[in-house]
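Below is one structure, written out as structure tokens; the observations come after it.
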Amino acid sequence: MVKVCITGTPGTGKSKIAKLLAKELGWKMVELNELAKEKGCIAGYDTKRDCKEVDVGELAKVVGKLEGNLVLESHFAHYMPCDAVFVLRVDPKELKRRMKKRGWKEEKIKENMEAEITEVCKSEALEEGKKVYEIDTTHKKPEEVVEEILKVINPYLR
Ligand SMILES: Nc1ncnc2c1ncn2[C@@H]1O[C@H](COP(=O)(O)OP(=O)(O)O)[C@@H](O)[C@H]1O
Ligand SMILES: [Mg+2]
């Protein structure tokens, strides 16, 4: 059983890449936010961001019991038990473009750009002491990013 995490600042392409990667591998993709809701792993409410706060510790216990090969996706995926963590990175200017295209609010864009510049996900992932691979998606097509991830995880599959 191999568990691979896709993390990164919102807008870096996690959902897109995780979906493609899971399809390529024939594995199941787990949207951790959905799983948290489904299993009631909610710690509270984030009034500033107007969304539920995931109980990451409780969710990690749930993920630890999941069977089979999995692609886990979320900006906190690096806190889950797993074999490898992929941190998707993107040039902040390109991140801004991607978020604007999706019509995200100015405040959210600013917050995410700041998180990308200060490498929040990457440093959190490194602090966890897991195998961390950073992938710059700025000038790559989603298929090329998946290709790069597959090269890294091939040895894990043997
Ligand atoms: N490698 C890429 N190159 C260009 N655009 C991308 C790439 N990856 C994702 N995108 C686009 O960026 C946006 C954000 O992707 P998404 O997967 O929703 O990010 P996240 O799940 O990290 O918030 C989407 O519109 C997606 O099509
Ligand atoms: Mg997403």
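Here, A, B, ... name the chains of the structure tokens in the order displayed, residue numbers run from 1 inside each chain, and ligands are numbered from 1 in the same displayed order.
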### Query
What residues have any atom no more than 8 Å from ligand 2 when counting only C-alpha atoms and all ligand atoms, and can you list them as a ChimeraX atom specification?
/A:10-11,13-16,73-74
### Task
Show which residues sit within 12 Å of Lys108 of chain A, as a PyMOL selection string. Count only C-alpha atoms, and ignore same-chain residues fewer than 4 positions away.
chain A and resi 9-11+48-50+95-96+99-100+102-104+112-115
Write the residues of the preceding selection, restricted to C-alpha atoms, as a PDB file, in the first residue's frame.
```
ATOM      1  CA  THR A   9      -1.108  26.683  -1.662  1.00  0.00           C
ATOM      2  CA  PRO A  10      -4.708  26.906  -2.942  1.00  0.00           C
ATOM      3  CA  GLY A  11      -4.600  27.512  -6.693  1.00  0.00           C
ATOM      4  CA  LYS A  48     -12.629  34.874   8.979  1.00  0.00           C
ATOM      5  CA  ARG A  49     -12.602  32.508   6.009  1.00  0.00           C
ATOM      6  CA  ASP A  50     -16.240  31.441   6.436  1.00  0.00           C
ATOM      7  CA  LEU A  95      -0.730  31.954  -9.076  1.00  0.00           C
ATOM      8  CA  LYS A  96      -2.428  35.348  -9.185  1.00  0.00           C
ATOM      9  CA  MET A  99      -6.840  32.660  -9.152  1.00  0.00           C
ATOM     10  CA  LYS A 100      -8.115  35.699 -11.055  1.00  0.00           C
ATOM     11  CA  ARG A 102     -11.306  31.525 -11.347  1.00  0.00           C
ATOM     12  CA  GLY A 103     -12.809  34.748 -10.012  1.00  0.00           C
ATOM     13  CA  TRP A 104     -11.436  34.454  -6.488  1.00  0.00           C
ATOM     14  CA  ASN A 112      -2.687  32.746  -1.015  1.00  0.00           C
ATOM     15  CA  MET A 113       0.052  34.729  -2.750  1.00  0.00           C
ATOM     16  CA  GLU A 114       1.533  35.504   0.642  1.00  0.00           C
ATOM     17  CA  ALA A 115       1.368  31.827   1.626  1.00  0.00           C
TER      18      ALA A 115
END
```
Please provide the set of residues having any atom within 8 Å of segment 53-61 of chain A, restricted to only C-alpha atoms, with same-chain residues fewer than 6 positions apart removed, written as a PDB file with N, CA and C atoms, in the first residue's frame.
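New file part_25.pdb:
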```
ATOM      1  N   ASN A  33     -10.676  17.242   2.237  1.00  0.00           N
ATOM      2  CA  ASN A  33     -11.739  18.111   2.769  1.00  0.00           C
ATOM      3  C   ASN A  33     -13.083  17.390   2.779  1.00  0.00           C
ATOM      4  N   LEU A  35     -13.458  14.046   2.783  1.00  0.00           N
ATOM      5  CA  LEU A  35     -13.356  12.951   3.752  1.00  0.00           C
ATOM      6  C   LEU A  35     -13.587  13.474   5.172  1.00  0.00           C
ATOM      7  N   ALA A  36     -13.020  14.646   5.465  1.00  0.00           N
ATOM      8  CA  ALA A  36     -13.171  15.251   6.794  1.00  0.00           C
ATOM      9  C   ALA A  36     -14.644  15.511   7.097  1.00  0.00           C
ATOM     10  N   LYS A  39     -16.523  12.159   7.590  1.00  0.00           N
ATOM     11  CA  LYS A  39     -16.214  11.452   8.845  1.00  0.00           C
ATOM     12  C   LYS A  39     -16.378  12.332  10.084  1.00  0.00           C
ATOM     13  N   CYS A  41     -14.672  14.981  10.952  1.00  0.00           N
ATOM     14  CA  CYS A  41     -13.403  15.444  11.523  1.00  0.00           C
ATOM     15  C   CYS A  41     -13.331  16.972  11.426  1.00  0.00           C
ATOM     16  N   ILE A  42     -14.184  17.623  12.189  1.00  0.00           N
ATOM     17  CA  ILE A  42     -14.276  19.080  12.149  1.00  0.00           C
ATOM     18  C   ILE A  42     -13.963  19.630  13.531  1.00  0.00           C
ATOM     19  N   ALA A  43     -13.030  20.573  13.585  1.00  0.00           N
ATOM     20  CA  ALA A  43     -12.578  21.102  14.874  1.00  0.00           C
ATOM     21  C   ALA A  43     -13.330  22.369  15.270  1.00  0.00           C
ATOM     22  N   GLY A  44     -13.862  23.070  14.306  1.00  0.00           N
ATOM     23  CA  GLY A  44     -14.555  24.317  14.608  1.00  0.00           C
ATOM     24  C   GLY A  44     -14.916  25.063  13.348  1.00  0.00           C
ATOM     25  N   TYR A  45     -15.157  26.356  13.524  1.00  0.00           N
ATOM     26  CA  TYR A  45     -15.536  27.160  12.367  1.00  0.00           C
ATOM     27  C   TYR A  45     -14.606  28.363  12.236  1.00  0.00           C
ATOM     28  N   ASP A  46     -14.097  28.549  11.019  1.00  0.00           N
ATOM     29  CA  ASP A  46     -13.205  29.669  10.735  1.00  0.00           C
ATOM     30  C   ASP A  46     -14.073  30.829  10.252  1.00  0.00           C
ATOM     31  N   PHE A  76      -3.427  20.590   3.410  1.00  0.00           N
ATOM     32  CA  PHE A  76      -2.858  20.071   4.670  1.00  0.00           C
ATOM     33  C   PHE A  76      -2.540  18.578   4.538  1.00  0.00           C
ATOM     34  N   TYR A  79       0.111  16.524   6.526  1.00  0.00           N
ATOM     35  CA  TYR A  79      -0.060  16.079   7.910  1.00  0.00           C
ATOM     36  C   TYR A  79      -0.634  14.659   8.008  1.00  0.00           C
ATOM     37  N   MET A  80      -0.917  14.066   6.864  1.00  0.00           N
ATOM     38  CA  MET A  80      -1.490  12.716   6.857  1.00  0.00           C
ATOM     39  C   MET A  80      -0.378  11.672   6.834  1.00  0.00           C
ATOM     40  N   PRO A  81      -0.646  10.467   7.360  1.00  0.00           N
ATOM     41  CA  PRO A  81       0.370   9.412   7.236  1.00  0.00           C
ATOM     42  C   PRO A  81       0.538   9.074   5.752  1.00  0.00           C
TER      43      PRO A  81
END
```
### Message
Could you pull out the helix (DSSP H, G or I) residues of chain A, going by DSSP on the backbone, and write them as a ChimeraX atom specification?
### Response
/A:14-25,32-39,56-64,77-79,92-101,106-117,120-127,142-157
### Query
Using the chain letters and numbers from this document, which residues of chain A does DSSP assign to strand (DSSP E or B), as a ChimeraX atom specification?
/A:3-8,28-31,42-46,51-54,70-73,84-89,132-136
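Ranking A:Leu20, A:Val4, A:Val62, A:Ile117 by their shortest atom-to-atom distance to ligand 1, with only C-alpha atoms and all ligand atoms included, puts A:Leu20 first.
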#### Entry: Nearby residues (only C-alpha atoms) at most 7 Å from Phe86 of chain A, same-chain spacing under 3 positions excluded, as a PyMOL selection string
chain A and resi 5-7+132-135
Just to be explicit: take each residue in the selection above, keep C-alpha atoms, and write the result as a JSON list (two decimals), in the first residue's frame.
```json
[["chain", "number", "residue", "atom", "x", "y", "z"],
["A", 5, "CYS", "CA", 0.18, 13.34, -0.81],
["A", 6, "ILE", "CA", -0.36, 16.33, -3.04],
["A", 7, "THR", "CA", -0.13, 19.57, -1.10],
["A", 132, "VAL", "CA", 9.20, 15.94, 0.48],
["A", 133, "TYR", "CA", 9.44, 16.66, -3.23],
["A", 134, "GLU", "CA", 8.90, 20.16, -4.53],
["A", 135, "ILE", "CA", 7.53, 20.58, -8.03]]
```
### Query
Neighbours of Leu25 of chain A within 10 Å (only C-alpha atoms; same-chain residues fewer than 6 positions away dropped), as number ranges by chain?
A: 69-71, 150
I need the residues from that last selection saved to file as a short mmCIF file (atom, residue, chain, number, x, y, z; two decimals), in the first residue's frame (with N, CA, C and O atoms), if you can.
```
data_model
loop_
_atom_site.label_atom_id
_atom_site.label_comp_id
_atom_site.auth_asym_id
_atom_site.auth_seq_id
_atom_site.Cartn_x
_atom_site.Cartn_y
_atom_site.Cartn_z
N ASN A 69 -3.78 1.68 -2.45
CA ASN A 69 -2.91 2.76 -2.92
C ASN A 69 -3.74 4.02 -3.13
O ASN A 69 -4.78 3.98 -3.78
N LEU A 70 -3.25 5.12 -2.57
CA LEU A 70 -4.07 6.34 -2.59
C LEU A 70 -3.29 7.59 -2.95
O LEU A 70 -2.11 7.72 -2.62
N VAL A 71 -3.99 8.51 -3.62
CA VAL A 71 -3.49 9.87 -3.82
C VAL A 71 -4.33 10.77 -2.93
O VAL A 71 -5.54 10.87 -3.10
N LEU A 150 5.33 10.87 -11.42
CA LEU A 150 5.41 9.43 -11.70
C LEU A 150 6.85 8.94 -11.66
O LEU A 150 7.14 7.86 -11.13
#
```
### Query
So which one's closest to ligand 1, A:Ile153, A:Leu88, A:Cys82, A:Met29? Using only C-alpha atoms and all ligand atoms, please.
A:Leu88
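Closest approach to ligand 1 from the set A:Val2, A:Val120, A:Val90, A:Ala84 is made by A:Val90, with distances taken over only C-alpha atoms and all ligand atoms.
Using only C-alpha atoms, the shortest contact distance between Glu67 of chain A and any of A:Met1, A:Ala125, A:Leu32, A:Val146 is found at A:Met1.
Taking atom CA of Thr137 of chain A and atom CA of Glu107 of chain A as the two end points, the separation is 23.2 Å.
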### Summary
From atom CA of Trp27 of chain A to atom CA of Gly8 of chain A the spacing works out at 20.5 Å
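The coordinates place atom CA of Lys37 of chain A at 16.6 Å from atom CA of Gly64 of chain A.
Considering the residues A:Ile109, A:Val145, A:Val63, A:Ala77 and counting only C-alpha atoms and all ligand atoms, ligand 1 has its shortest atom-to-atom contact with A:Val145.
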